[in-house]
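Enquirer: One file: query_12.cif (mmCIF, C-alpha atoms).
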```cif
data_my_file
#
loop_
_atom_site.label_atom_id
_atom_site.label_comp_id
_atom_site.auth_asym_id
_atom_site.auth_seq_id
_atom_site.Cartn_x
_atom_site.Cartn_y
_atom_site.Cartn_z
CA MET Q 1 -29.59 59.78 87.45
CA THR Q 2 -31.86 57.98 89.91
CA THR Q 3 -30.95 56.88 93.42
CA LEU Q 4 -32.99 54.43 95.48
CA ILE Q 5 -32.42 54.13 99.23
CA THR Q 6 -33.93 50.91 100.56
CA ASN Q 7 -34.60 49.18 103.89
CA ILE Q 8 -34.53 52.45 105.80
CA LYS Q 9 -35.09 51.73 109.49
CA GLU Q 10 -37.04 54.99 109.81
CA LEU Q 11 -37.55 57.82 107.33
CA LEU Q 12 -37.96 61.09 109.27
CA GLN Q 13 -39.74 64.38 108.59
CA VAL Q 14 -42.04 62.95 105.93
CA ARG Q 15 -44.63 65.43 104.67
CA GLU Q 16 -47.10 64.18 102.06
CA THR Q 17 -48.22 67.76 101.50
CA ASN Q 18 -45.78 70.59 101.98
CA VAL Q 19 -45.84 72.69 105.12
CA LEU Q 20 -43.73 75.82 105.49
CA LYS Q 21 -43.24 75.67 109.27
CA VAL Q 22 -44.56 73.95 112.39
CA SER Q 23 -45.55 75.71 115.61
CA GLY Q 24 -46.46 75.05 119.21
CA LYS Q 25 -47.74 71.58 120.03
CA ASP Q 26 -47.36 70.52 116.36
CA MET Q 27 -43.60 70.63 116.91
CA LYS Q 28 -43.90 67.56 119.13
CA HIS Q 29 -45.02 65.55 116.10
CA LEU Q 30 -42.35 64.25 113.72
CA PRO Q 31 -43.98 62.25 110.91
CA THR Q 32 -42.00 59.13 109.99
CA ILE Q 33 -42.23 55.90 107.99
CA LYS Q 34 -40.60 52.73 109.32
CA ASN Q 35 -39.03 50.12 107.02
CA ALA Q 36 -39.08 52.66 104.20
CA TYR Q 37 -37.62 53.50 100.83
CA LEU Q 38 -36.76 56.85 99.25
CA LEU Q 39 -36.43 57.51 95.52
CA ILE Q 40 -34.42 60.43 94.10
CA ASP Q 41 -34.25 61.60 90.49
CA ASP Q 42 -31.23 63.83 89.89
CA ASP Q 43 -31.68 66.54 92.57
CA THR Q 44 -35.34 65.91 93.44
CA ILE Q 45 -37.28 63.63 95.77
CA ILE Q 46 -39.83 61.79 93.64
CA GLY Q 47 -41.07 58.94 95.81
CA PHE Q 48 -41.11 57.27 99.22
CA GLY Q 49 -43.11 54.74 101.16
CA THR Q 50 -42.84 51.41 102.95
CA MET Q 51 -40.68 48.63 101.58
CA LYS Q 52 -43.75 46.50 100.85
CA ASP Q 53 -44.64 49.13 98.22
CA CYS Q 54 -41.12 49.20 96.77
CA ILE Q 55 -41.95 46.87 93.91
CA ASN Q 56 -40.30 46.93 90.48
CA ILE Q 57 -38.52 50.21 91.18
CA GLU Q 58 -35.28 50.42 89.24
CA ALA Q 59 -32.55 52.98 89.85
CA ASP Q 60 -29.04 53.77 88.66
CA THR Q 61 -27.75 53.62 92.24
CA VAL Q 62 -29.18 51.59 95.12
CA ILE Q 63 -28.16 52.28 98.73
CA ASN Q 64 -29.08 49.74 101.40
CA ALA Q 65 -29.88 51.62 104.63
CA THR Q 66 -30.62 48.64 106.85
CA GLY Q 67 -30.59 49.73 110.50
CA LYS Q 68 -30.12 53.38 109.53
CA LEU Q 69 -32.22 56.52 109.65
CA VAL Q 70 -32.79 58.90 106.75
CA LEU Q 71 -33.80 62.52 107.29
CA PRO Q 72 -33.50 65.93 105.61
CA THR Q 73 -30.18 67.73 105.92
CA TRP Q 74 -29.94 70.44 108.54
CA CYS Q 75 -30.97 73.97 107.55
CA ASP Q 76 -28.64 76.39 109.37
CA SER Q 77 -30.26 79.80 109.14
CA HIS Q 78 -27.69 81.87 111.06
CA THR Q 79 -23.93 81.79 110.40
CA HIS Q 80 -20.95 84.08 109.93
CA ILE Q 81 -18.57 81.56 108.36
CA VAL Q 82 -16.89 84.09 106.05
CA TYR Q 83 -14.25 85.49 108.37
CA ALA Q 84 -10.46 85.78 108.59
CA GLY Q 85 -8.32 84.10 111.21
CA ASN Q 86 -9.59 83.14 114.65
CA ARG Q 87 -10.01 84.62 118.13
CA GLU Q 88 -8.72 81.89 120.43
CA GLN Q 89 -6.93 84.45 122.65
CA GLU Q 90 -10.31 85.95 123.54
CA PHE Q 91 -11.44 82.44 124.51
CA VAL Q 92 -8.55 82.34 126.99
CA ASP Q 93 -9.37 85.89 128.17
CA ARG Q 94 -12.92 84.81 129.04
CA ILE Q 95 -11.57 81.83 130.98
CA ASN Q 96 -9.47 84.35 132.92
CA GLY Q 97 -12.53 86.39 133.83
CA LEU Q 98 -13.14 88.96 131.09
CA THR Q 99 -16.68 89.29 129.77
CA TYR Q 100 -17.81 89.58 126.15
CA ALA Q 101 -18.39 93.30 126.81
CA ASP Q 102 -14.95 93.73 128.41
CA ILE Q 103 -13.25 92.24 125.37
CA ALA Q 104 -15.29 94.40 122.97
CA ASN Q 105 -14.55 97.58 124.96
CA ARG Q 106 -10.80 97.08 124.63
CA GLY Q 107 -10.97 96.67 120.85
CA GLY Q 108 -11.50 92.94 120.65
CA GLY Q 109 -14.54 91.05 119.51
CA ILE Q 110 -16.11 92.08 116.22
CA LEU Q 111 -13.62 94.95 115.74
CA ASN Q 112 -10.76 92.46 116.02
CA SER Q 113 -12.28 90.28 113.31
CA ALA Q 114 -12.95 93.33 111.14
CA LYS Q 115 -9.31 94.40 111.29
CA LYS Q 116 -8.14 90.92 110.26
CA LEU Q 117 -10.65 90.71 107.43
CA GLN Q 118 -9.81 94.12 106.03
CA GLN Q 119 -6.16 92.99 105.79
CA THR Q 120 -7.02 89.66 104.14
CA SER Q 121 -7.22 89.30 100.38
CA GLU Q 122 -10.48 88.22 98.79
CA ALA Q 123 -8.82 85.06 97.47
CA ASP Q 124 -7.48 84.09 100.91
CA LEU Q 125 -10.84 84.87 102.54
CA TYR Q 126 -12.54 82.56 100.04
CA GLU Q 127 -10.10 79.71 100.74
CA GLN Q 128 -10.59 79.99 104.52
CA SER Q 129 -14.37 80.14 104.17
CA LYS Q 130 -14.50 77.31 101.63
CA ASP Q 131 -12.87 74.94 104.10
CA ARG Q 132 -15.48 75.77 106.74
CA LEU Q 133 -18.33 75.29 104.28
CA ILE Q 134 -17.05 71.86 103.22
CA GLN Q 135 -16.78 70.84 106.87
CA VAL Q 136 -20.38 71.81 107.74
CA MET Q 137 -21.64 70.00 104.65
CA LYS Q 138 -19.94 66.83 105.89
CA LEU Q 139 -21.68 67.40 109.25
CA GLY Q 140 -25.06 67.28 107.54
CA THR Q 141 -25.90 70.90 106.71
CA GLY Q 142 -27.58 71.18 103.31
CA ALA Q 143 -28.75 74.81 103.42
CA ILE Q 144 -27.03 77.74 105.07
CA GLU Q 145 -27.40 81.47 105.57
CA ILE Q 146 -24.14 83.45 105.68
CA LYS Q 147 -23.87 87.02 106.97
CA SER Q 148 -21.41 89.79 106.30
CA GLY Q 149 -20.57 92.05 109.25
CA TYR Q 150 -16.83 91.57 109.77
CA GLY Q 151 -15.95 94.16 107.16
CA LEU Q 152 -17.30 97.39 108.68
CA THR Q 153 -16.20 99.37 105.62
CA VAL Q 154 -18.03 99.57 102.33
CA GLU Q 155 -15.34 97.72 100.39
CA ALA Q 156 -14.72 95.05 103.04
CA GLU Q 157 -18.44 94.31 103.39
CA LEU Q 158 -18.73 94.01 99.61
CA LYS Q 159 -15.68 91.72 99.63
CA MET Q 160 -17.39 89.42 102.14
CA LEU Q 161 -20.57 89.32 100.08
CA ARG Q 162 -18.64 88.54 96.89
CA VAL Q 163 -17.03 85.60 98.70
CA ILE Q 164 -20.47 84.39 99.79
CA LYS Q 165 -21.68 84.67 96.19
CA ARG Q 166 -18.71 82.63 94.97
CA LEU Q 167 -19.36 79.93 97.58
CA LYS Q 168 -22.96 79.79 96.40
CA GLN Q 169 -21.77 79.28 92.81
CA ASP Q 170 -19.08 76.71 93.59
CA PHE Q 171 -20.91 74.32 95.95
CA PRO Q 172 -24.21 72.41 95.75
CA ILE Q 173 -25.37 73.54 99.20
CA LYS Q 174 -28.15 76.16 99.21
CA VAL Q 175 -26.62 79.48 100.30
CA LYS Q 176 -28.52 82.65 101.29
CA ALA Q 177 -26.62 85.91 101.86
CA THR Q 178 -27.34 88.58 104.45
CA LEU Q 179 -25.96 92.11 104.74
CA LEU Q 180 -25.06 92.68 108.39
CA ALA Q 181 -23.05 95.88 108.08
CA ALA Q 182 -24.59 97.11 111.34
CA HIS Q 183 -22.71 94.51 113.39
CA ALA Q 184 -20.56 96.96 115.37
CA VAL Q 185 -19.52 100.61 115.16
CA PRO Q 186 -16.03 100.92 113.57
CA LYS Q 187 -13.30 102.71 115.52
CA GLU Q 188 -13.27 105.65 113.13
CA TYR Q 189 -16.98 106.21 113.83
CA ILE Q 190 -16.87 105.56 117.58
CA ASP Q 191 -17.98 109.14 118.32
CA ASN Q 192 -20.19 109.37 115.24
CA LYS Q 193 -22.43 106.31 115.17
CA GLU Q 194 -25.06 108.22 113.18
CA GLY Q 195 -22.45 108.84 110.50
CA PHE Q 196 -21.83 105.11 110.19
CA VAL Q 197 -25.55 104.34 110.08
CA ASN Q 198 -25.88 106.95 107.31
CA LEU Q 199 -23.01 105.27 105.43
CA VAL Q 200 -24.78 101.91 105.64
CA ILE Q 201 -28.09 103.39 104.50
CA ASN Q 202 -26.91 105.78 101.81
CA GLU Q 203 -23.93 103.96 100.30
CA LEU Q 204 -23.68 100.31 101.26
CA ILE Q 205 -27.29 99.15 100.99
CA PRO Q 206 -27.77 100.64 97.49
CA LYS Q 207 -24.53 99.02 96.24
CA VAL Q 208 -25.45 95.63 97.67
CA ALA Q 209 -28.89 95.84 96.10
CA ASP Q 210 -27.55 97.00 92.72
CA GLN Q 211 -25.01 94.16 92.63
CA GLN Q 212 -27.57 91.63 93.94
CA LEU Q 213 -25.18 90.44 96.64
CA ALA Q 214 -27.69 89.78 99.44
CA LYS Q 215 -31.25 88.68 100.05
CA TYR Q 216 -31.56 89.88 103.65
CA ILE Q 217 -30.70 92.89 105.81
CA ASP Q 218 -29.67 92.37 109.45
CA VAL Q 219 -28.82 94.55 112.46
CA PHE Q 220 -27.20 93.76 115.82
CA CYS Q 221 -29.88 95.45 117.92
CA GLU Q 222 -28.29 95.55 121.34
CA LYS Q 223 -27.25 98.05 124.00
CA GLY Q 224 -23.82 99.38 123.15
CA TYR Q 225 -24.25 98.52 119.47
CA PHE Q 226 -27.34 99.69 117.54
CA ASP Q 227 -30.39 101.08 119.29
CA LEU Q 228 -34.05 100.92 118.32
CA ASN Q 229 -33.92 104.02 116.13
CA ASP Q 230 -30.80 102.79 114.31
CA THR Q 231 -32.42 99.40 113.77
CA GLU Q 232 -35.66 100.86 112.44
CA ARG Q 233 -33.83 103.13 110.01
CA ILE Q 234 -31.60 100.37 108.63
CA LEU Q 235 -34.38 97.80 108.27
CA LYS Q 236 -36.61 100.29 106.46
CA ALA Q 237 -33.77 101.35 104.15
CA GLY Q 238 -33.09 97.70 103.35
CA LYS Q 239 -36.74 97.05 102.59
CA LEU Q 240 -36.81 100.02 100.19
CA HIS Q 241 -34.06 98.23 98.22
CA GLY Q 242 -35.77 94.85 98.29
CA LEU Q 243 -33.84 93.34 101.22
CA ILE Q 244 -35.89 91.27 103.69
CA PRO Q 245 -35.29 92.05 107.40
CA LYS Q 246 -33.70 89.62 109.84
CA ILE Q 247 -32.32 90.73 113.18
CA HIS Q 248 -29.90 89.87 116.00
CA VAL Q 249 -31.94 90.78 119.05
CA ASN Q 250 -32.36 90.13 122.79
CA GLN Q 251 -28.95 88.49 123.20
CA PHE Q 252 -28.11 90.39 126.37
CA ASN Q 253 -31.04 92.79 126.85
CA ALA Q 254 -34.75 92.90 126.02
CA PHE Q 255 -35.68 96.49 125.21
CA GLY Q 256 -38.14 96.52 122.31
CA GLY Q 257 -36.18 95.17 119.36
CA ILE Q 258 -38.56 92.30 118.70
CA GLU Q 259 -41.50 94.66 118.29
CA ILE Q 260 -39.57 96.68 115.71
CA ALA Q 261 -38.60 93.49 113.88
CA VAL Q 262 -42.19 92.25 113.78
CA ASN Q 263 -43.49 95.66 112.66
CA ASN Q 264 -41.01 95.51 109.77
CA GLN Q 265 -42.10 91.97 108.80
CA ALA Q 266 -38.76 90.42 109.74
CA LEU Q 267 -38.40 86.85 108.52
CA SER Q 268 -36.61 85.87 111.72
CA VAL Q 269 -35.51 87.17 115.10
CA ASP Q 270 -32.33 85.48 116.27
CA HIS Q 271 -30.73 84.92 119.70
CA LEU Q 272 -33.61 85.69 122.14
CA GLU Q 273 -31.66 84.64 125.22
CA GLU Q 274 -33.57 87.38 127.02
CA LEU Q 275 -37.36 87.53 126.57
CA ASN Q 276 -40.25 89.30 128.22
CA LYS Q 277 -44.00 88.87 128.00
CA ASN Q 278 -44.44 91.64 125.42
CA ASP Q 279 -41.87 89.99 123.14
CA ILE Q 280 -43.85 86.76 123.11
CA GLU Q 281 -47.13 88.57 122.48
CA CYS Q 282 -45.57 90.41 119.53
CA LEU Q 283 -44.36 87.15 118.03
CA LYS Q 284 -47.76 85.50 118.45
CA ASN Q 285 -49.26 87.98 116.02
CA SER Q 286 -46.62 87.62 113.33
CA GLU Q 287 -45.12 85.36 110.69
CA THR Q 288 -41.64 85.96 112.14
CA MET Q 289 -39.60 82.88 113.10
CA PRO Q 290 -37.82 82.87 116.49
CA VAL Q 291 -34.32 81.37 116.11
CA ALA Q 292 -32.32 79.97 119.01
CA LEU Q 293 -28.53 79.63 118.94
CA PRO Q 294 -27.75 77.25 121.82
CA SER Q 295 -24.08 76.65 121.05
CA CYS Q 296 -23.51 80.41 121.47
CA SER Q 297 -25.00 80.20 124.96
CA TYR Q 298 -22.80 77.18 125.65
CA PHE Q 299 -19.61 78.90 124.50
CA LEU Q 300 -20.25 82.26 126.22
CA SER Q 301 -21.90 80.80 129.35
CA ILE Q 302 -24.93 83.05 128.93
CA PRO Q 303 -28.59 82.04 129.36
CA TYR Q 304 -30.18 79.73 126.81
CA THR Q 305 -33.10 80.90 124.69
CA PRO Q 306 -36.28 79.84 126.56
CA GLY Q 307 -37.36 77.55 123.74
CA ARG Q 308 -39.72 75.59 125.95
CA ARG Q 309 -41.54 78.83 126.82
CA LEU Q 310 -41.78 79.87 123.16
CA ILE Q 311 -43.14 76.53 121.97
CA ASP Q 312 -45.57 76.25 124.88
CA ALA Q 313 -46.88 79.70 123.90
CA GLY Q 314 -47.85 78.23 120.53
CA LEU Q 315 -44.94 79.70 118.61
CA PRO Q 316 -42.56 78.05 116.13
CA LEU Q 317 -38.83 77.78 116.84
CA ALA Q 318 -35.80 77.24 114.63
CA LEU Q 319 -32.30 76.19 115.64
CA ALA Q 320 -29.06 77.45 114.09
CA THR Q 321 -25.34 77.44 114.89
CA ASP Q 322 -24.30 81.13 114.85
CA TYR Q 323 -20.95 79.83 113.51
CA ASN Q 324 -18.48 82.71 114.02
CA PRO Q 325 -14.95 83.24 115.37
CA GLY Q 326 -15.88 85.00 118.59
CA SER Q 327 -18.91 83.45 120.24
CA THR Q 328 -19.52 80.14 118.41
CA PRO Q 329 -16.52 78.71 116.56
CA SER Q 330 -18.49 75.65 115.43
CA GLY Q 331 -20.89 74.88 112.60
CA ASN Q 332 -21.94 71.51 114.02
CA MET Q 333 -25.72 71.35 113.82
CA ASN Q 334 -25.63 67.92 115.48
CA PHE Q 335 -24.24 69.55 118.62
CA VAL Q 336 -26.91 72.25 118.35
CA LEU Q 337 -29.59 69.55 118.25
CA SER Q 338 -28.20 67.86 121.37
CA THR Q 339 -27.73 71.12 123.26
CA ALA Q 340 -31.31 72.19 122.51
CA CYS Q 341 -32.57 68.95 124.03
CA ILE Q 342 -30.19 68.92 127.00
CA LYS Q 343 -30.19 72.60 127.97
CA MET Q 344 -33.41 74.00 126.46
CA LYS Q 345 -35.57 70.92 127.21
CA LEU Q 346 -36.79 70.45 123.66
CA THR Q 347 -37.92 66.95 122.79
CA PRO Q 348 -36.01 65.18 119.99
CA GLU Q 349 -39.06 65.69 117.75
CA GLU Q 350 -39.14 69.42 118.46
CA ALA Q 351 -35.41 69.79 117.93
CA ILE Q 352 -35.44 67.96 114.59
CA ASN Q 353 -38.39 70.06 113.41
CA ALA Q 354 -36.54 73.20 114.53
CA ALA Q 355 -33.34 72.20 112.71
CA THR Q 356 -35.01 71.17 109.43
CA ILE Q 357 -38.36 72.59 108.31
CA ASN Q 358 -38.32 75.64 110.63
CA GLY Q 359 -34.68 76.37 109.84
CA ALA Q 360 -35.63 76.35 106.17
CA TYR Q 361 -38.50 78.76 106.88
CA ALA Q 362 -36.07 81.15 108.61
CA MET Q 363 -34.18 81.31 105.29
CA GLY Q 364 -37.30 81.63 103.14
CA ILE Q 365 -36.70 78.26 101.45
CA SER Q 366 -39.09 75.82 103.16
CA ASN Q 367 -41.05 75.46 99.92
CA MET Q 368 -38.11 73.40 98.58
CA TYR Q 369 -36.05 72.33 101.61
CA GLY Q 370 -36.44 70.98 105.14
CA SER Q 371 -38.67 67.93 104.72
CA ILE Q 372 -39.05 64.65 102.83
CA THR Q 373 -41.69 65.76 100.34
CA ARG Q 374 -42.15 64.90 96.67
CA GLY Q 375 -40.78 67.69 94.50
CA LYS Q 376 -38.39 69.02 97.14
CA LYS Q 377 -34.63 69.03 96.77
CA ALA Q 378 -32.86 65.76 97.53
CA ASN Q 379 -30.85 66.95 100.52
CA ILE Q 380 -30.54 63.87 102.71
CA ILE Q 381 -28.68 62.55 105.75
CA ILE Q 382 -28.17 58.80 106.09
CA THR Q 383 -27.09 57.93 109.61
CA LYS Q 384 -24.99 55.05 110.79
CA ALA Q 385 -26.93 52.18 112.36
CA VAL Q 386 -28.58 53.66 115.48
CA PRO Q 387 -31.32 52.49 117.86
CA SER Q 388 -33.71 55.44 117.25
CA TYR Q 389 -33.80 59.11 116.35
CA ALA Q 390 -33.67 60.02 120.05
CA PHE Q 391 -30.18 58.52 120.02
CA LEU Q 392 -28.98 61.38 117.78
CA PRO Q 393 -29.19 64.09 120.48
CA TYR Q 394 -28.61 61.59 123.30
CA ALA Q 395 -25.15 60.39 122.24
CA PHE Q 396 -23.91 63.93 121.72
CA GLY Q 397 -20.20 63.16 121.49
CA ASP Q 398 -20.42 60.82 118.51
CA ASN Q 399 -20.75 61.46 114.79
CA HIS Q 400 -23.83 59.51 113.71
CA ILE Q 401 -23.72 60.56 110.04
CA GLU Q 402 -22.61 58.02 107.45
CA THR Q 403 -23.62 59.71 104.19
CA VAL Q 404 -24.71 63.21 103.18
CA ILE Q 405 -26.51 63.82 99.88
CA ILE Q 406 -26.96 67.40 98.66
CA ASN Q 407 -28.85 68.13 95.45
CA GLY Q 408 -28.75 64.42 94.75
CA GLN Q 409 -24.93 64.31 95.03
CA ILE Q 410 -23.13 62.23 97.65
CA ILE Q 411 -20.80 64.59 99.58
#
```
Could you write out this structure as structure tokens?
Expert:
Amino acid sequence: MTTLITNIKELLQVRETNVLKVSGKDMKHLPTIKNAYLLIDDDTIIGFGTMKDCINIEADTVINATGKLVLPTWCDSHTHIVYAGNREQEFVDRINGLTYADIANRGGGILNSAKKLQQTSEADLYEQSKDRLIQVMKLGTGAIEIKSGYGLTVEAELKMLRVIKRLKQDFPIKVKATLLAAHAVPKEYIDNKEGFVNLVINELIPKVADQQLAKYIDVFCEKGYFDLNDTERILKAGKLHGLIPKIHVNQFNAFGGIEIAVNNQALSVDHLEELNKNDIECLKNSETMPVALPSCSYFLSIPYTPGRRLIDAGLPLALATDYNPGSTPSGNMNFVLSTACIKMKLTPEEAINAATINGAYAMGISNMYGSITRGKKANIIITKAVPSYAFLPYAFGDNHIETVIINGQII
């Protein structure tokens, strides 16, 4: 089936030849076509241009986008949407003065979510997660990475990954799975962290690889969680089983995790609220994508990733939600876009590049997602009538999306 979108006020993120990511000053450039058309065949973009060239093009469905923008769907490269229940009481606790660390030290945080998930059936976990996935699709996300990490036992982690696999099978959105068993140390291993790391390396990683339940391996490299040696061991073990490294790093402390990630050819380093000069130098000599999670900073009232500093150093930057029950209970990439502009001082062009093509790169899928390019998947946002693309992050409290198309299907 063919779909023709006509009279587009401005078609954004148009790439005649495919690029996998954009970096530094190139992030300030967002290629567009005004008064444009876009042609889709089944799930693939096959043509675009100005309306004056839209002559004798027939299609099964024609959508008139007068006054509206068309752009690629958001590529959210960092989420934890498979979880059980919520943690709104911890939200109140933080209002009353407790810190993230205080809550974790008294058995809250990740351990709280792990307890709930272990007690939740796989069918119930799927139903809860399905609802979240449908919601983010409606908000314009067309590709998403989902992590485990709220299981903290072999069976519970496998249960999470099976749910992710089922979501991938049941919905048109592109889903990538990540094993994040090293998210926190379970209570039963609190005095034997090495024993838990050994369990992850010797039992969990091989099972995940054998059952083909994940593409990536991740570690929460942070003081009080997993140190540099733990991180190195887990990333290397994952690589031996074909899992590509990604890493939570520099959320609260900068102590060498980025260097280990780069040395292990990590696809992305995520959080980066704390950065030092050596971190930036390491990233300059790598193919690793820095990923900022601004709605996490907003929710926890911690520093924002210095995105301006990273881009000005010539580096790329991606944006993602970090959707999870404890530190970012939102999968709204539109809010992420606005927050990056308002709090991190990204330009609208930089933010859109970070949330589309660079987000796709951070999932290893920018060959087929993240831009308007012939041959790429037809994952498209059609906005309501708006003055310009700068209006999207500017009017941050409104929903500007009218239609979402994923794999050629209207959602």
Enquirer: Closest to Ala360 (chain Q) among Q:Thr141, Q:Ser121, Q:Gln89, Q:Asn202, using only C-alpha atoms?
Expert: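 Of the candidates, the smallest distance to Ala360 (chain Q) is held by Q:Thr141.
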Enquirer: Under the PyMOL selection byres ((chain Q and resi 4) around 8), which residues of this model are included? Write them out as a list in words.
Expert: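 What the PyMOL selection byres ((chain Q and resi 4) around 8) grabs from the file is Thr2, Thr3, Ile5, Thr6, Tyr37, Leu38, Leu39, Ile40, Glu58, Ala59, Asp60, Thr61, Val62 and Ile63 of chain Q.
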Enquirer: Run the PyMOL selection byres ((chain Q and resi 99-108) around 9) against the file shown and list the residues it catches, as a PyMOL selection string.
Expert: chain Q and resi 87+90+93-94+97-98+109-113+187+224+300+327
Enquirer: Those same residues - C-alpha atoms - I'd like them written as a short mmCIF file (atom, residue, chain, number, x, y, z; two decimals), keeping the file's coordinate frame.
Expert:
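Result file follows (again35.cif):
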```
data_model
loop_
_atom_site.label_atom_id
_atom_site.label_comp_id
_atom_site.auth_asym_id
_atom_site.auth_seq_id
_atom_site.Cartn_x
_atom_site.Cartn_y
_atom_site.Cartn_z
CA ARG Q 87 -10.01 84.62 118.13
CA GLU Q 90 -10.31 85.95 123.54
CA ASP Q 93 -9.37 85.89 128.17
CA ARG Q 94 -12.92 84.81 129.04
CA GLY Q 97 -12.53 86.39 133.83
CA LEU Q 98 -13.14 88.96 131.09
CA GLY Q 109 -14.54 91.05 119.51
CA ILE Q 110 -16.11 92.08 116.22
CA LEU Q 111 -13.62 94.95 115.74
CA ASN Q 112 -10.76 92.46 116.02
CA SER Q 113 -12.28 90.28 113.31
CA LYS Q 187 -13.30 102.71 115.52
CA GLY Q 224 -23.82 99.38 123.15
CA LEU Q 300 -20.25 82.26 126.22
CA SER Q 327 -18.91 83.45 120.24
#
```
Enquirer: Selection in question (the file shown): the PyMOL selection byres ((chain Q and resi 345) around 12). Which residues does it include, as a PyMOL selection string?
Expert: chain Q and resi 294+304-312+337-344+346-351+393
Enquirer: Within 10 Å of Leu12 (chain Q), counting all atoms listed in the file, which residues qualify if same-chain residues fewer than 6 places away don't, as a list in words?
Expert: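 The neighbour list is Leu30, Pro31, Thr32, Ile33, Lys34, Ala36, Leu69, Val70, Leu71, Pro72, Glu349, Ile352, Asn353, Ser371, Ile372 and Tyr389 of chain Q.
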Enquirer: Around region 143-156 of chain Q, with edges along x, y and z and 5 Å added on all six sides, what centre and edge lengths do you get, in Å to one decimal, as JSON?
Expert:
```
{"center_x": -21.7, "center_y": 87.2, "center_z": 105.1, "size_x": 24.0, "size_y": 34.8, "size_z": 19.4}
```
Enquirer: Need the shell around Tyr361 (chain Q): protein/DNA/RNA residues with any atom at most 8 Å away, counting all atoms listed in the file. Skip same-chain ones fewer than 6 positions apart. Format as a PyMOL selection string?
Expert: chain Q and resi 20-21+289
Enquirer: Please indicate the distance in Å from CA of Ala237 (chain Q) to CA of Asn198 (chain Q), rounded to one decimal place.
Expert: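 Atom-to-atom, CA of Ala237 (chain Q) to CA of Asn198 (chain Q), that is 10.2 Å.
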Enquirer: Write region 250-262 of chain Q as a compact mmCIF listing (two decimals), in the frame of the given file, completed to N, CA and C atoms.
Expert:
```txt
# COMPACT_ATOMS: atom_id res chain seq x y z
N ASN Q 250 -32.13 90.73 121.46
CA ASN Q 250 -32.36 90.13 122.79
C ASN Q 250 -31.28 89.14 123.18
N GLN Q 251 -30.02 89.38 122.75
CA GLN Q 251 -28.95 88.49 123.20
C GLN Q 251 -28.59 88.76 124.65
N PHE Q 252 -28.48 90.03 125.00
CA PHE Q 252 -28.11 90.39 126.37
C PHE Q 252 -29.18 91.23 127.07
N ASN Q 253 -30.02 91.91 126.28
CA ASN Q 253 -31.04 92.79 126.85
C ASN Q 253 -32.32 92.72 126.03
N ALA Q 254 -33.46 92.82 126.69
CA ALA Q 254 -34.75 92.90 126.02
C ALA Q 254 -35.28 94.32 126.19
N PHE Q 255 -35.28 95.09 125.07
CA PHE Q 255 -35.68 96.49 125.21
C PHE Q 255 -36.50 96.99 124.02
N GLY Q 256 -37.21 96.09 123.34
CA GLY Q 256 -38.14 96.52 122.31
C GLY Q 256 -37.75 96.17 120.90
N GLY Q 257 -36.64 95.49 120.71
CA GLY Q 257 -36.18 95.17 119.36
C GLY Q 257 -37.09 94.20 118.62
N ILE Q 258 -37.69 93.27 119.35
CA ILE Q 258 -38.56 92.30 118.70
C ILE Q 258 -39.79 92.98 118.11
N GLU Q 259 -40.33 93.94 118.81
CA GLU Q 259 -41.50 94.66 118.29
C GLU Q 259 -41.16 95.39 116.99
N ILE Q 260 -39.98 96.00 116.94
CA ILE Q 260 -39.57 96.68 115.71
C ILE Q 260 -39.38 95.67 114.58
N ALA Q 261 -38.79 94.52 114.90
CA ALA Q 261 -38.60 93.49 113.88
C ALA Q 261 -39.93 93.01 113.32
N VAL Q 262 -40.87 92.72 114.20
CA VAL Q 262 -42.19 92.25 113.78
C VAL Q 262 -42.90 93.32 112.95
```
